[in-house]
$ cat start.txt   # compact mmCIF, C-alpha atoms
# COMPACT_ATOMS: atom_id res chain seq x y z
CA MET I 1 0.02 -20.03 10.21
CA LYS I 2 -2.97 -18.74 8.27
CA THR I 3 -3.39 -19.23 4.53
CA THR I 4 -5.32 -17.33 1.87
CA PRO I 5 -7.92 -18.95 -0.41
CA LEU I 6 -5.24 -18.98 -3.13
CA HIS I 7 -2.70 -20.94 -1.10
CA PRO I 8 -3.22 -24.17 -3.14
CA ALA I 9 -2.69 -22.19 -6.35
CA HIS I 10 0.66 -20.90 -5.10
CA LEU I 11 1.80 -24.40 -4.18
CA ALA I 12 0.70 -25.70 -7.58
CA LEU I 13 2.93 -23.08 -9.23
CA GLY I 14 5.90 -24.03 -7.08
CA ALA I 15 6.06 -20.72 -5.25
CA LYS I 16 8.63 -20.17 -2.51
CA MET I 17 6.50 -19.62 0.59
CA VAL I 18 7.42 -17.52 3.63
CA PRO I 19 5.69 -16.33 6.81
CA PHE I 20 4.26 -12.81 6.50
CA ALA I 21 1.85 -11.05 8.87
CA GLY I 22 0.73 -14.39 10.26
CA TYR I 23 0.13 -15.90 6.80
CA GLU I 24 2.14 -18.28 4.64
CA MET I 25 2.59 -16.21 1.48
CA PRO I 26 4.52 -16.53 -1.80
CA ILE I 27 7.69 -14.42 -1.87
CA GLN I 28 8.46 -15.45 -5.46
CA TYR I 29 7.56 -17.97 -8.15
CA THR I 30 10.55 -17.66 -10.50
CA SER I 31 12.69 -14.68 -9.45
CA ILE I 32 11.94 -11.30 -7.89
CA THR I 33 13.61 -9.49 -10.79
CA SER I 34 11.70 -11.31 -13.55
CA GLU I 35 8.38 -10.79 -11.75
CA HIS I 36 9.20 -7.12 -11.15
CA LEU I 37 10.00 -6.56 -14.83
CA ALA I 38 6.84 -8.41 -15.89
CA VAL I 39 4.80 -5.82 -13.99
CA ARG I 40 6.80 -2.90 -15.38
CA GLY I 41 6.60 -4.24 -18.93
CA LEU I 42 3.35 -6.22 -19.30
CA ALA I 43 1.11 -7.37 -16.44
CA GLY I 44 1.52 -9.20 -13.15
CA MET I 45 -0.81 -10.25 -10.37
CA PHE I 46 -0.45 -10.54 -6.62
CA ASP I 47 -2.45 -12.42 -4.01
CA VAL I 48 -3.12 -9.76 -1.37
CA SER I 49 -6.00 -11.60 0.28
CA HIS I 50 -4.21 -11.24 3.63
CA MET I 51 -5.14 -7.56 3.69
CA GLY I 52 -7.95 -6.54 6.05
CA GLU I 53 -11.35 -5.12 5.05
CA PHE I 54 -13.76 -3.24 7.30
CA TRP I 55 -17.25 -2.03 6.42
CA ILE I 56 -18.23 1.36 7.89
CA ARG I 57 -21.96 1.99 7.55
CA GLY I 58 -24.66 4.27 8.87
CA PRO I 59 -25.82 7.91 8.95
CA GLY I 60 -22.71 8.85 10.91
CA ALA I 61 -20.21 6.98 8.73
CA LEU I 62 -18.84 10.12 7.06
CA ALA I 63 -18.47 12.05 10.33
CA PHE I 64 -16.78 9.05 11.94
CA LEU I 65 -14.28 8.63 9.11
CA GLN I 66 -13.57 12.36 9.02
CA TYR I 67 -12.56 12.11 12.67
CA ALA I 68 -10.72 8.79 12.46
CA THR I 69 -8.66 9.49 9.30
CA LEU I 70 -6.39 12.25 8.00
CA ASN I 71 -7.62 12.73 4.43
CA ASP I 72 -10.88 14.53 3.57
CA VAL I 73 -13.47 11.79 3.18
CA SER I 74 -16.16 14.36 2.32
CA LYS I 75 -14.49 14.69 -1.11
CA LEU I 76 -15.37 11.08 -1.96
CA LYS I 77 -18.33 10.53 -4.26
CA VAL I 78 -19.95 7.10 -4.43
CA GLY I 79 -17.69 4.88 -6.50
CA ARG I 80 -14.47 6.68 -5.61
CA ALA I 81 -11.51 5.83 -3.37
CA GLN I 82 -8.71 7.65 -1.55
CA TYR I 83 -5.44 6.90 0.20
CA SER I 84 -5.44 7.90 3.85
CA MET I 85 -3.99 7.23 7.29
CA LEU I 86 -5.22 6.52 10.81
CA PRO I 87 -3.61 8.92 13.32
CA ASN I 88 -2.99 7.96 16.92
CA ALA I 89 -3.13 10.30 19.93
CA ARG I 90 0.67 10.81 20.04
CA GLY I 91 1.26 12.38 16.64
CA GLY I 92 2.11 9.07 14.98
CA LEU I 93 0.16 6.60 12.87
CA VAL I 94 -1.90 3.51 13.62
CA ASP I 95 -1.81 2.49 9.93
CA ASP I 96 -2.04 3.71 6.36
CA ILE I 97 -5.21 2.65 4.58
CA TYR I 98 -7.44 2.94 1.52
CA ILE I 99 -11.07 4.03 1.77
CA TYR I 100 -13.65 3.17 -0.90
CA ARG I 101 -17.06 4.86 -0.87
CA THR I 102 -19.41 2.09 -1.99
CA GLY I 103 -22.79 3.69 -1.14
CA GLU I 104 -24.39 6.86 0.20
CA SER I 105 -23.64 5.87 3.80
CA GLU I 106 -21.32 2.91 3.20
CA TYR I 107 -17.54 2.75 3.02
CA LEU I 108 -15.01 -0.08 2.69
CA MET I 109 -11.66 0.40 4.43
CA VAL I 110 -8.67 -1.73 3.44
CA VAL I 111 -5.93 -2.03 6.07
CA ASN I 112 -2.54 -3.70 6.28
CA ALA I 113 -2.55 -7.40 7.13
CA ALA I 114 -0.28 -7.09 10.16
CA ASN I 115 -2.51 -4.37 11.63
CA ILE I 116 -5.98 -5.89 11.30
CA GLU I 117 -6.53 -6.53 15.00
CA LYS I 118 -4.86 -3.26 16.06
CA ASP I 119 -6.86 -1.18 13.57
CA TRP I 120 -10.12 -2.92 14.48
CA ALA I 121 -9.63 -2.19 18.17
CA HIS I 122 -8.59 1.40 17.44
CA LEU I 123 -11.63 2.18 15.27
CA ASN I 124 -13.99 0.66 17.81
CA SER I 125 -12.42 2.81 20.53
CA LEU I 126 -13.34 5.94 18.53
CA LYS I 127 -16.91 5.13 17.49
CA ALA I 128 -18.73 6.29 20.65
CA GLY I 129 -21.02 9.20 19.83
CA PHE I 130 -21.16 8.39 16.12
CA GLU I 131 -24.18 6.76 14.48
CA VAL I 132 -22.08 4.13 12.75
CA GLU I 133 -21.79 0.35 12.45
CA LEU I 134 -18.46 -1.38 11.92
CA GLU I 135 -17.99 -4.86 10.47
CA ASN I 136 -14.71 -6.74 10.17
CA ALA I 137 -15.19 -8.43 6.80
CA SER I 138 -11.56 -9.53 6.35
CA ASP I 139 -12.50 -13.22 6.05
CA PHE I 140 -15.16 -12.54 3.43
CA PHE I 141 -12.87 -11.19 0.73
CA ALA I 142 -10.08 -12.53 -1.39
CA LEU I 143 -8.08 -9.81 -3.14
CA ILE I 144 -6.03 -10.04 -6.33
CA ALA I 145 -4.02 -7.04 -7.56
CA VAL I 146 -3.48 -6.98 -11.33
CA GLN I 147 -0.86 -4.40 -12.27
CA GLY I 148 1.14 -3.26 -15.29
CA PRO I 149 0.82 -1.38 -18.59
CA GLN I 150 -1.15 -4.28 -20.11
CA ALA I 151 -3.16 -5.09 -16.98
CA VAL I 152 -6.36 -3.33 -17.98
CA ALA I 153 -6.33 -4.78 -21.49
CA LYS I 154 -5.89 -8.31 -20.17
CA LEU I 155 -8.65 -7.83 -17.58
CA GLN I 156 -10.97 -6.38 -20.21
CA LYS I 157 -10.73 -9.57 -22.27
CA LEU I 158 -12.22 -11.43 -19.29
CA SER I 159 -15.00 -8.94 -18.53
CA ASP I 160 -18.03 -7.40 -20.23
CA THR I 161 -17.79 -4.47 -17.81
CA ASP I 162 -16.09 -1.35 -19.20
CA LEU I 163 -12.71 -1.23 -17.48
CA VAL I 164 -10.77 0.88 -19.96
CA SER I 165 -12.52 4.24 -19.58
CA ARG I 166 -12.62 4.24 -15.77
CA LYS I 167 -10.47 6.72 -13.86
CA LYS I 168 -7.79 6.05 -11.28
CA ASN I 169 -9.40 5.46 -7.86
CA ASP I 170 -12.75 4.42 -9.38
CA THR I 171 -14.46 1.43 -7.73
CA PHE I 172 -17.49 -0.50 -8.99
CA MET I 173 -19.06 -3.94 -9.27
CA GLY I 174 -18.78 -6.06 -12.39
CA LYS I 175 -18.05 -9.55 -13.66
CA LEU I 176 -14.64 -11.07 -14.22
CA SER I 177 -14.52 -14.48 -15.86
CA GLY I 178 -18.21 -14.86 -14.98
CA LYS I 179 -17.75 -14.06 -11.27
CA TRP I 180 -19.13 -10.97 -9.54
CA VAL I 181 -16.25 -8.89 -8.20
CA ARG I 182 -15.53 -5.39 -7.00
CA PHE I 183 -13.03 -3.61 -9.23
CA ALA I 184 -10.88 -0.80 -7.85
CA ARG I 185 -8.48 1.10 -10.11
CA THR I 186 -5.90 1.30 -7.36
CA GLY I 187 -2.64 -0.48 -6.59
CA TYR I 188 0.75 -0.47 -4.93
CA THR I 189 3.22 -0.72 -7.81
CA GLY I 190 3.04 2.66 -9.53
CA GLU I 191 1.56 0.99 -12.61
CA ASP I 192 -1.99 1.10 -13.94
CA GLY I 193 -4.29 -1.76 -13.06
CA TYR I 194 -7.05 -2.97 -10.80
CA GLU I 195 -7.41 -4.55 -7.42
CA VAL I 196 -10.11 -7.22 -7.63
CA PHE I 197 -12.19 -8.07 -4.55
CA VAL I 198 -13.74 -11.50 -4.98
CA ALA I 199 -15.53 -14.07 -2.82
CA PRO I 200 -12.99 -16.49 -1.28
CA ASP I 201 -14.58 -19.56 -2.88
CA GLU I 202 -14.39 -17.96 -6.34
CA ALA I 203 -10.85 -16.60 -6.08
CA ARG I 204 -9.15 -19.69 -7.53
CA ALA I 205 -11.30 -19.57 -10.68
CA VAL I 206 -10.46 -15.89 -11.22
CA TRP I 207 -6.76 -16.55 -10.59
CA GLU I 208 -6.71 -19.39 -13.11
CA ALA I 209 -8.50 -17.22 -15.69
CA LEU I 210 -5.84 -14.55 -15.25
CA LEU I 211 -3.11 -17.17 -15.64
CA GLY I 212 -4.82 -18.19 -18.89
CA ALA I 213 -4.69 -14.55 -20.00
CA GLU I 214 -0.89 -14.65 -19.50
CA VAL I 215 -0.80 -12.45 -16.41
CA THR I 216 2.42 -13.27 -14.54
CA PRO I 217 2.01 -14.41 -10.92
CA CYS I 218 4.18 -12.30 -8.63
CA GLY I 219 5.19 -12.67 -5.00
CA LEU I 220 5.76 -10.33 -2.09
CA GLY I 221 9.39 -9.85 -3.09
CA ALA I 222 8.50 -8.08 -6.33
CA ARG I 223 5.68 -6.25 -4.58
CA ASP I 224 8.27 -4.67 -2.27
CA THR I 225 10.77 -3.72 -4.98
CA LEU I 226 7.97 -2.28 -7.13
CA ARG I 227 6.52 -0.15 -4.33
CA LEU I 228 10.00 1.12 -3.47
CA GLU I 229 10.71 2.20 -7.06
CA ALA I 230 7.34 3.97 -6.97
CA GLY I 231 8.29 5.71 -3.71
CA PHE I 232 5.39 4.23 -1.74
CA PRO I 233 5.69 3.73 2.04
CA LEU I 234 5.31 0.47 3.92
CA TYR I 235 3.80 0.54 7.38
CA GLY I 236 6.29 -0.64 9.98
CA HIS I 237 9.12 0.82 7.90
CA GLU I 238 8.51 4.40 6.66
CA LEU I 239 5.34 4.83 8.72
CA THR I 240 5.02 3.76 12.36
CA ASP I 241 3.29 4.55 15.63
CA GLU I 242 6.04 7.09 16.27
CA THR I 243 6.46 8.77 12.85
CA SER I 244 4.60 11.88 11.75
CA PRO I 245 3.31 11.95 8.16
CA LEU I 246 4.21 15.66 8.14
CA CYS I 247 7.87 14.60 8.08
CA THR I 248 7.38 12.53 4.91
CA PRO I 249 6.54 13.12 1.24
CA PHE I 250 3.01 11.98 2.12
CA SER I 251 2.16 15.05 4.22
CA TRP I 252 -0.48 15.93 1.59
CA VAL I 253 -2.72 13.32 3.23
CA VAL I 254 -3.07 15.53 6.33
CA LYS I 255 -6.06 17.87 5.87
CA SER I 256 -5.52 20.21 8.82
CA GLN I 257 -8.67 22.27 8.10
CA LYS I 258 -10.79 19.51 9.67
CA GLU I 259 -10.88 18.04 13.15
CA PHE I 260 -9.37 14.58 13.58
CA HIS I 261 -8.19 12.28 16.34
CA GLY I 262 -4.82 13.36 17.74
CA LYS I 263 -4.75 16.61 15.74
CA GLU I 264 -2.99 18.71 18.38
CA ALA I 265 -0.21 16.15 18.84
CA LEU I 266 0.24 15.68 15.09
CA LEU I 267 0.55 19.38 14.31
CA LYS I 268 3.02 20.17 17.08
CA GLY I 269 6.54 21.38 16.34
CA PRO I 270 8.97 21.05 13.41
CA CYS I 271 10.44 17.79 12.09
CA GLU I 272 13.89 16.91 13.38
CA ARG I 273 14.20 14.30 10.63
CA GLN I 274 12.63 13.99 7.19
CA LEU I 275 11.92 10.92 5.09
CA VAL I 276 13.86 11.10 1.81
CA GLY I 277 14.71 8.94 -1.17
CA LEU I 278 18.33 7.85 -1.56
CA GLN I 279 20.10 6.56 -4.65
CA VAL I 280 23.16 4.53 -3.69
CA GLU I 281 26.22 3.74 -5.78
CA GLY I 282 28.24 0.57 -5.30
CA GLY I 283 25.99 -1.37 -2.96
CA ILE I 284 22.50 -2.39 -1.97
CA PRO I 285 21.04 -0.47 0.98
CA ARG I 286 18.88 -2.35 3.48
CA GLU I 287 16.57 -1.48 6.33
CA GLY I 288 18.50 -0.45 9.42
CA TYR I 289 21.70 0.61 7.63
CA ARG I 290 23.17 3.87 8.89
CA VAL I 291 23.24 7.05 6.80
CA MET I 292 26.45 8.97 7.35
CA GLN I 293 28.08 12.31 6.57
CA GLY I 294 31.57 13.33 7.64
CA GLY I 295 31.91 10.25 9.80
CA GLN I 296 28.76 11.07 11.77
CA GLU I 297 25.47 9.18 11.71
CA VAL I 298 22.79 11.49 10.28
CA GLY I 299 20.00 9.04 9.51
CA ILE I 300 18.75 5.48 9.20
CA LEU I 301 17.43 3.42 6.28
CA THR I 302 13.79 2.37 6.57
CA SER I 303 13.76 0.36 3.32
CA GLY I 304 16.30 -0.49 0.64
CA THR I 305 16.76 -2.69 -2.39
CA HIS I 306 18.37 -3.06 -5.80
CA SER I 307 16.19 -1.38 -8.44
CA PRO I 308 15.69 -3.78 -11.37
CA VAL I 309 14.85 -0.81 -13.64
CA LEU I 310 17.61 1.60 -12.60
CA LYS I 311 20.10 -1.21 -11.83
CA LYS I 312 21.20 0.79 -8.79
CA GLY I 313 20.63 0.70 -5.06
CA ILE I 314 17.65 2.72 -3.85
CA GLY I 315 16.14 3.28 -0.45
CA MET I 316 14.20 5.52 1.85
CA ALA I 317 15.66 6.95 5.02
CA TYR I 318 14.95 9.40 7.79
CA VAL I 319 17.78 11.97 7.80
CA LYS I 320 18.36 15.21 9.66
CA SER I 321 16.05 17.84 8.23
CA ASP I 322 18.88 20.16 7.14
CA LEU I 323 20.20 17.34 4.92
CA ALA I 324 16.87 16.46 3.27
CA GLN I 325 17.27 18.65 0.18
CA VAL I 326 17.44 16.90 -3.20
CA GLY I 327 21.06 16.65 -4.33
CA THR I 328 22.59 16.37 -0.86
CA SER I 329 25.57 14.00 -0.84
CA LEU I 330 25.58 11.38 1.92
CA GLU I 331 26.94 7.89 2.53
CA VAL I 332 25.38 4.60 3.55
CA GLU I 333 27.32 2.18 5.71
CA ILE I 334 27.06 -1.22 4.03
CA ARG I 335 28.75 -4.05 5.93
CA GLY I 336 31.46 -1.83 7.36
CA ARG I 337 32.25 0.18 4.25
CA MET I 338 30.86 3.46 2.94
CA ALA I 339 28.84 3.69 -0.28
CA SER I 340 28.08 7.09 -1.76
CA ALA I 341 24.44 8.16 -1.69
CA THR I 342 22.46 11.12 -3.00
CA VAL I 343 19.10 12.47 -1.88
CA VAL I 344 16.76 12.20 -4.89
CA GLU I 345 13.13 12.87 -5.68
CA THR I 346 10.66 10.03 -5.50
CA PRO I 347 9.31 8.09 -7.28
CA PHE I 348 12.72 6.74 -8.24
CA VAL I 349 11.34 5.49 -11.57
CA LYS I 350 9.15 7.77 -13.69
CA LEU I 351 5.90 5.88 -14.18
CA GLN I 352 2.54 6.46 -15.88

$ encode --input "start.txt" --output "structure tokens"
Amino acid sequence: MKTTPLHPAHLALGAKMVPFAGYEMPIQYTSITSEHLAVRGLAGMFDVSHMGEFWIRGPGALAFLQYATLNDVSKLKVGRAQYSMLPNARGGLVDDIYIYRTGESEYLMVVNAANIEKDWAHLNSLKAGFEVELENASDFFALIAVQGPQAVAKLQKLSDTDLVSRKKNDTFMGKLSGKWVRFARTGYTGEDGYEVFVAPDEARAVWEALLGAEVTPCGLGARDTLRLEAGFPLYGHELTDETSPLCTPFSWVVKSQKEFHGKEALLKGPCERQLVGLQVEGGIPREGYRVMQGGQEVGILTSGTHSPVLKKGIGMAYVKSDLAQVGTSLEVEIRGRMASATVVETPFVKLQ
């Protein structure tokens, strides 16, 4: 089992540790609900050092990324970032990713921890004919996500770099508690904040400084409930090798005016099922639960939880396309009984 540079810090705080993507990671320190509400109300931080980072450099870096990803990388100016996806040749997805343009011909790609090896092999299989160099730098970064309505203010107290006036998706170098870091005004909770890329041997000092600034440490449990409230997908659940982004609320990522790997397969045919948000009464939906209507199975839950803000069950599910309209009444089978469910807009919680 691998560990992140912050593993000793988690143990010192008494975190409950679990296996995740080949790493021993904290699922919670106190409770998932209290950590969730800390992020929604003040500021919380997550160790996401298990995520993967790839450098893409060279005169052909832009052309390569335009071909390898779905979003329009040509729109990125230096110091800006975008959410994107890696398509496969079958109309599905290798991964969902973030791309940061860090120089004229230099980009940093952040990928999901469980997909590092798969993504690395996939990108290398596509690079022939492009004047580009790839570097797997996953072991050279620790990554701390600081999120919440007070996140920027708390970070600013530890930095002489202007963090307040920066825009969402800005990325830049600066100092945090005396350490050089890369700031990125991005995140996975729906709240404002920064993801902080820091050298592994300096991560503990930054973490301790944030603890001193009363930023609440949060585990993967709260990270999942927060992203669900925000309506964000998780690879392996909402997005897979077999799912088309065109059948999800994230179809905006697909820029069909450009050429990209697997374009013909991705653009083929209508969606038989659509990914929707469900609000559930009288039970907590979970991944794999069946979505029903009139005694017939019409879909399957990809993620589900109890929303600490709404105090109701919420989830995402693929349902038959003719049932994907907001307001459609459905049911979720929870341990042999039926709980009423309604298709709703996402995000489930209205955020900043």

$ residues_near_point --input "start.txt" --point "(13.0, 8.6, -0.7)" --cutoff "7 Å" --atoms "only C-alpha atoms" --output "mmCIF file with C-alpha atoms, in the frame of the given file"
data_model
loop_
_atom_site.group_PDB
_atom_site.id
_atom_site.type_symbol
_atom_site.label_atom_id
_atom_site.label_comp_id
_atom_site.auth_asym_id
_atom_site.auth_seq_id
_atom_site.Cartn_x
_atom_site.Cartn_y
_atom_site.Cartn_z
ATOM 1 C CA GLY I 231 8.290 5.710 -3.710
ATOM 2 C CA LEU I 275 11.920 10.920 5.090
ATOM 3 C CA VAL I 276 13.860 11.100 1.810
ATOM 4 C CA GLY I 277 14.710 8.940 -1.170
ATOM 5 C CA LEU I 278 18.330 7.850 -1.560
ATOM 6 C CA GLY I 315 16.140 3.280 -0.450
ATOM 7 C CA MET I 316 14.200 5.520 1.850
ATOM 8 C CA ALA I 317 15.660 6.950 5.020
ATOM 9 C CA VAL I 344 16.760 12.200 -4.890
ATOM 10 C CA GLU I 345 13.130 12.870 -5.680
ATOM 11 C CA THR I 346 10.660 10.030 -5.500
#

$ closest_residue --input "start.txt" --among "I:Ala68, I:Leu210, I:Leu155, I:Ala203" --to "Lys179 of chain I" --atoms "all atoms listed in the file"
I:Ala203

$ atom_distance --input "start.txt" --atom1 "atom CA of Arg223 of chain I" --atom2 "atom CA of His36 of chain I"
7.5 Å

$ closest_atom_pairs --input "start.txt" --of "segment 204-317 of chain I" --to "segment 107-129 of chain I" --cutoff "12 Å" --atoms "all atoms listed in the file" --output "tab-separated table"
residue	atom	partner	partner_atom	distance
I:Pro233	CA	I:Asn112	CA	11.9
I:Leu234	CA	I:Asn112	CA	9.2
I:Tyr235	CA	I:Asn112	CA	7.7
I:Gly236	CA	I:Ala114	CA	9.2
I:Leu239	CA	I:Asn112	CA	11.9
I:Thr240	CA	I:Asn115	CA	11.1
I:Asp241	CA	I:Lys118	CA	11.3
I:Phe260	CA	I:Leu126	CA	10.7
I:His261	CA	I:Leu126	CA	8.5
I:Gly262	CA	I:Leu126	CA	11.3

$ write_last_selection --input "start.txt" --atoms "C-alpha atoms" --output "CSV table (one decimal), keeping the file's coordinate frame"
chain,number,residue,atom,x,y,z
I,233,PRO,CA,5.7,3.7,2.0
I,234,LEU,CA,5.3,0.5,3.9
I,235,TYR,CA,3.8,0.5,7.4
I,236,GLY,CA,6.3,-0.6,10.0
I,239,LEU,CA,5.3,4.8,8.7
I,240,THR,CA,5.0,3.8,12.4
I,241,ASP,CA,3.3,4.6,15.6
I,260,PHE,CA,-9.4,14.6,13.6
I,261,HIS,CA,-8.2,12.3,16.3
I,262,GLY,CA,-4.8,13.4,17.7

$ closest_residue --input "start.txt" --among "I:Glu133, I:Glu229, I:Glu259, I:Asp224" --to "Lys350 of chain I" --atoms "only C-alpha atoms"
I:Glu229

$ atom_distance --input "start.txt" --atom1 "atom CA of Leu37 of chain I" --atom2 "atom CA of Thr305 of chain I"
14.7 Å

$ closest_residue --input "start.txt" --among "I:Gly336, I:Gly283, I:Gly269, I:Gly219" --to "Gln28 of chain I" --atoms "only C-alpha atoms"
I:Gly219

$ residues_around --input "start.txt" --residues "Lys168 of chain I" --least-positions-apart "5" --cutoff "10 Å" --atoms "only C-alpha atoms" --output "list of chain:residue names"
I:Arg80, I:Ala81, I:Gln82, I:Ala184, I:Arg185, I:Thr186, I:Gly187, I:Asp192, I:Gly193, I:Tyr194

$ residues_around --input "start.txt" --residues "Asn71 of chain I" --least-positions-apart "6" --cutoff "12 Å" --atoms "all atoms listed in the file" --output "number ranges by chain"
I: 62, 65, 81-87, 96-99, 245, 250-261

$ write_last_selection --input "start.txt" --atoms "C-alpha atoms" --output "PDB file, in the coordinates of the input"
ATOM      1  CA  LEU I  62     -18.840  10.120   7.060  1.00  0.00           C
ATOM      2  CA  LEU I  65     -14.280   8.630   9.110  1.00  0.00           C
ATOM      3  CA  ALA I  81     -11.510   5.830  -3.370  1.00  0.00           C
ATOM      4  CA  GLN I  82      -8.710   7.650  -1.550  1.00  0.00           C
ATOM      5  CA  TYR I  83      -5.440   6.900   0.200  1.00  0.00           C
ATOM      6  CA  SER I  84      -5.440   7.900   3.850  1.00  0.00           C
ATOM      7  CA  MET I  85      -3.990   7.230   7.290  1.00  0.00           C
ATOM      8  CA  LEU I  86      -5.220   6.520  10.810  1.00  0.00           C
ATOM      9  CA  PRO I  87      -3.610   8.920  13.320  1.00  0.00           C
ATOM     10  CA  ASP I  96      -2.040   3.710   6.360  1.00  0.00           C
ATOM     11  CA  ILE I  97      -5.210   2.650   4.580  1.00  0.00           C
ATOM     12  CA  TYR I  98      -7.440   2.940   1.520  1.00  0.00           C
ATOM     13  CA  ILE I  99     -11.070   4.030   1.770  1.00  0.00           C
ATOM     14  CA  PRO I 245       3.310  11.950   8.160  1.00  0.00           C
ATOM     15  CA  PHE I 250       3.010  11.980   2.120  1.00  0.00           C
ATOM     16  CA  SER I 251       2.160  15.050   4.220  1.00  0.00           C
ATOM     17  CA  TRP I 252      -0.480  15.930   1.590  1.00  0.00           C
ATOM     18  CA  VAL I 253      -2.720  13.320   3.230  1.00  0.00           C
ATOM     19  CA  VAL I 254      -3.070  15.530   6.330  1.00  0.00           C
ATOM     20  CA  LYS I 255      -6.060  17.870   5.870  1.00  0.00           C
ATOM     21  CA  SER I 256      -5.520  20.210   8.820  1.00  0.00           C
ATOM     22  CA  GLN I 257      -8.670  22.270   8.100  1.00  0.00           C
ATOM     23  CA  LYS I 258     -10.790  19.510   9.670  1.00  0.00           C
ATOM     24  CA  GLU I 259     -10.880  18.040  13.150  1.00  0.00           C
ATOM     25  CA  PHE I 260      -9.370  14.580  13.580  1.00  0.00           C
ATOM     26  CA  HIS I 261      -8.190  12.280  16.340  1.00  0.00           C
TER      27      HIS I 261
END

$ closest_residue --input "start.txt" --among "I:Ala63, I:Leu163, I:Ala230, I:Met1" --to "Lys175 of chain I" --atoms "only C-alpha atoms"
I:Leu163

$ atom_distance --input "start.txt" --atom1 "atom CA of His7 of chain I" --atom2 "atom CA of Phe140 of chain I"
15.7 Å

$ closest_residue --input "start.txt" --among "I:Lys77, I:His237, I:Arg337, I:Arg40" --to "Leu351 of chain I" --atoms "only C-alpha atoms"
I:Arg40

$ closest_residue --input "start.txt" --among "I:Ile56, I:Leu267, I:Ile144, I:Val215" --to "Val132 of chain I" --atoms "only C-alpha atoms"
I:Ile56

$ residues_around --input "start.txt" --residues "Pro149 of chain I" --least-positions-apart "2" --cutoff "9 Å" --atoms "all atoms listed in the file" --output "list of chain:residue names"
I:Val39, I:Arg40, I:Gly41, I:Leu42, I:Ala43, I:Gln147, I:Ala151, I:Val152, I:Ala153, I:Glu191, I:Asp192, I:Gly193, I:Gln352

$ residues_around --input "start.txt" --residues "Glu24 of chain I" --least-positions-apart "3" --cutoff "10 Å" --atoms "all atoms listed in the file" --output "PyMOL selection string"
chain I and resi 1-4+7+16-21+27+50

$ decode --input "start.txt" --residues "segment 33-44 of chain I" --atoms "N, CA and C atoms" --output "compact mmCIF listing (two decimals), in the first residue's frame"
# COMPACT_ATOMS: atom_id res chain seq x y z
N THR I 33 -19.98 14.09 8.20
CA THR I 33 -20.93 15.21 8.20
C THR I 33 -20.29 16.49 8.73
N SER I 34 -19.54 16.40 9.84
CA SER I 34 -18.94 17.61 10.40
C SER I 34 -17.88 18.18 9.45
N GLU I 35 -17.12 17.32 8.79
CA GLU I 35 -16.11 17.78 7.84
C GLU I 35 -16.78 18.40 6.60
N HIS I 36 -17.84 17.78 6.14
CA HIS I 36 -18.61 18.31 5.01
C HIS I 36 -19.11 19.72 5.33
N LEU I 37 -19.72 19.89 6.50
CA LEU I 37 -20.30 21.19 6.87
C LEU I 37 -19.22 22.23 7.13
N ALA I 38 -18.04 21.79 7.55
CA ALA I 38 -16.92 22.74 7.72
C ALA I 38 -16.55 23.35 6.37
N VAL I 39 -16.56 22.54 5.32
CA VAL I 39 -16.23 23.05 3.99
C VAL I 39 -17.34 23.95 3.47
N ARG I 40 -18.59 23.58 3.70
CA ARG I 40 -19.70 24.41 3.24
C ARG I 40 -19.79 25.71 4.02
N GLY I 41 -19.34 25.71 5.27
CA GLY I 41 -19.52 26.89 6.10
C GLY I 41 -18.29 27.75 6.27
N LEU I 42 -17.09 27.13 6.35
CA LEU I 42 -15.87 27.87 6.64
C LEU I 42 -14.76 27.49 5.66
N ALA I 43 -13.94 26.52 6.05
CA ALA I 43 -12.85 26.07 5.17
C ALA I 43 -12.36 24.71 5.62
N GLY I 44 -12.13 23.84 4.66
CA GLY I 44 -11.57 22.52 4.93
C GLY I 44 -10.45 22.22 3.96
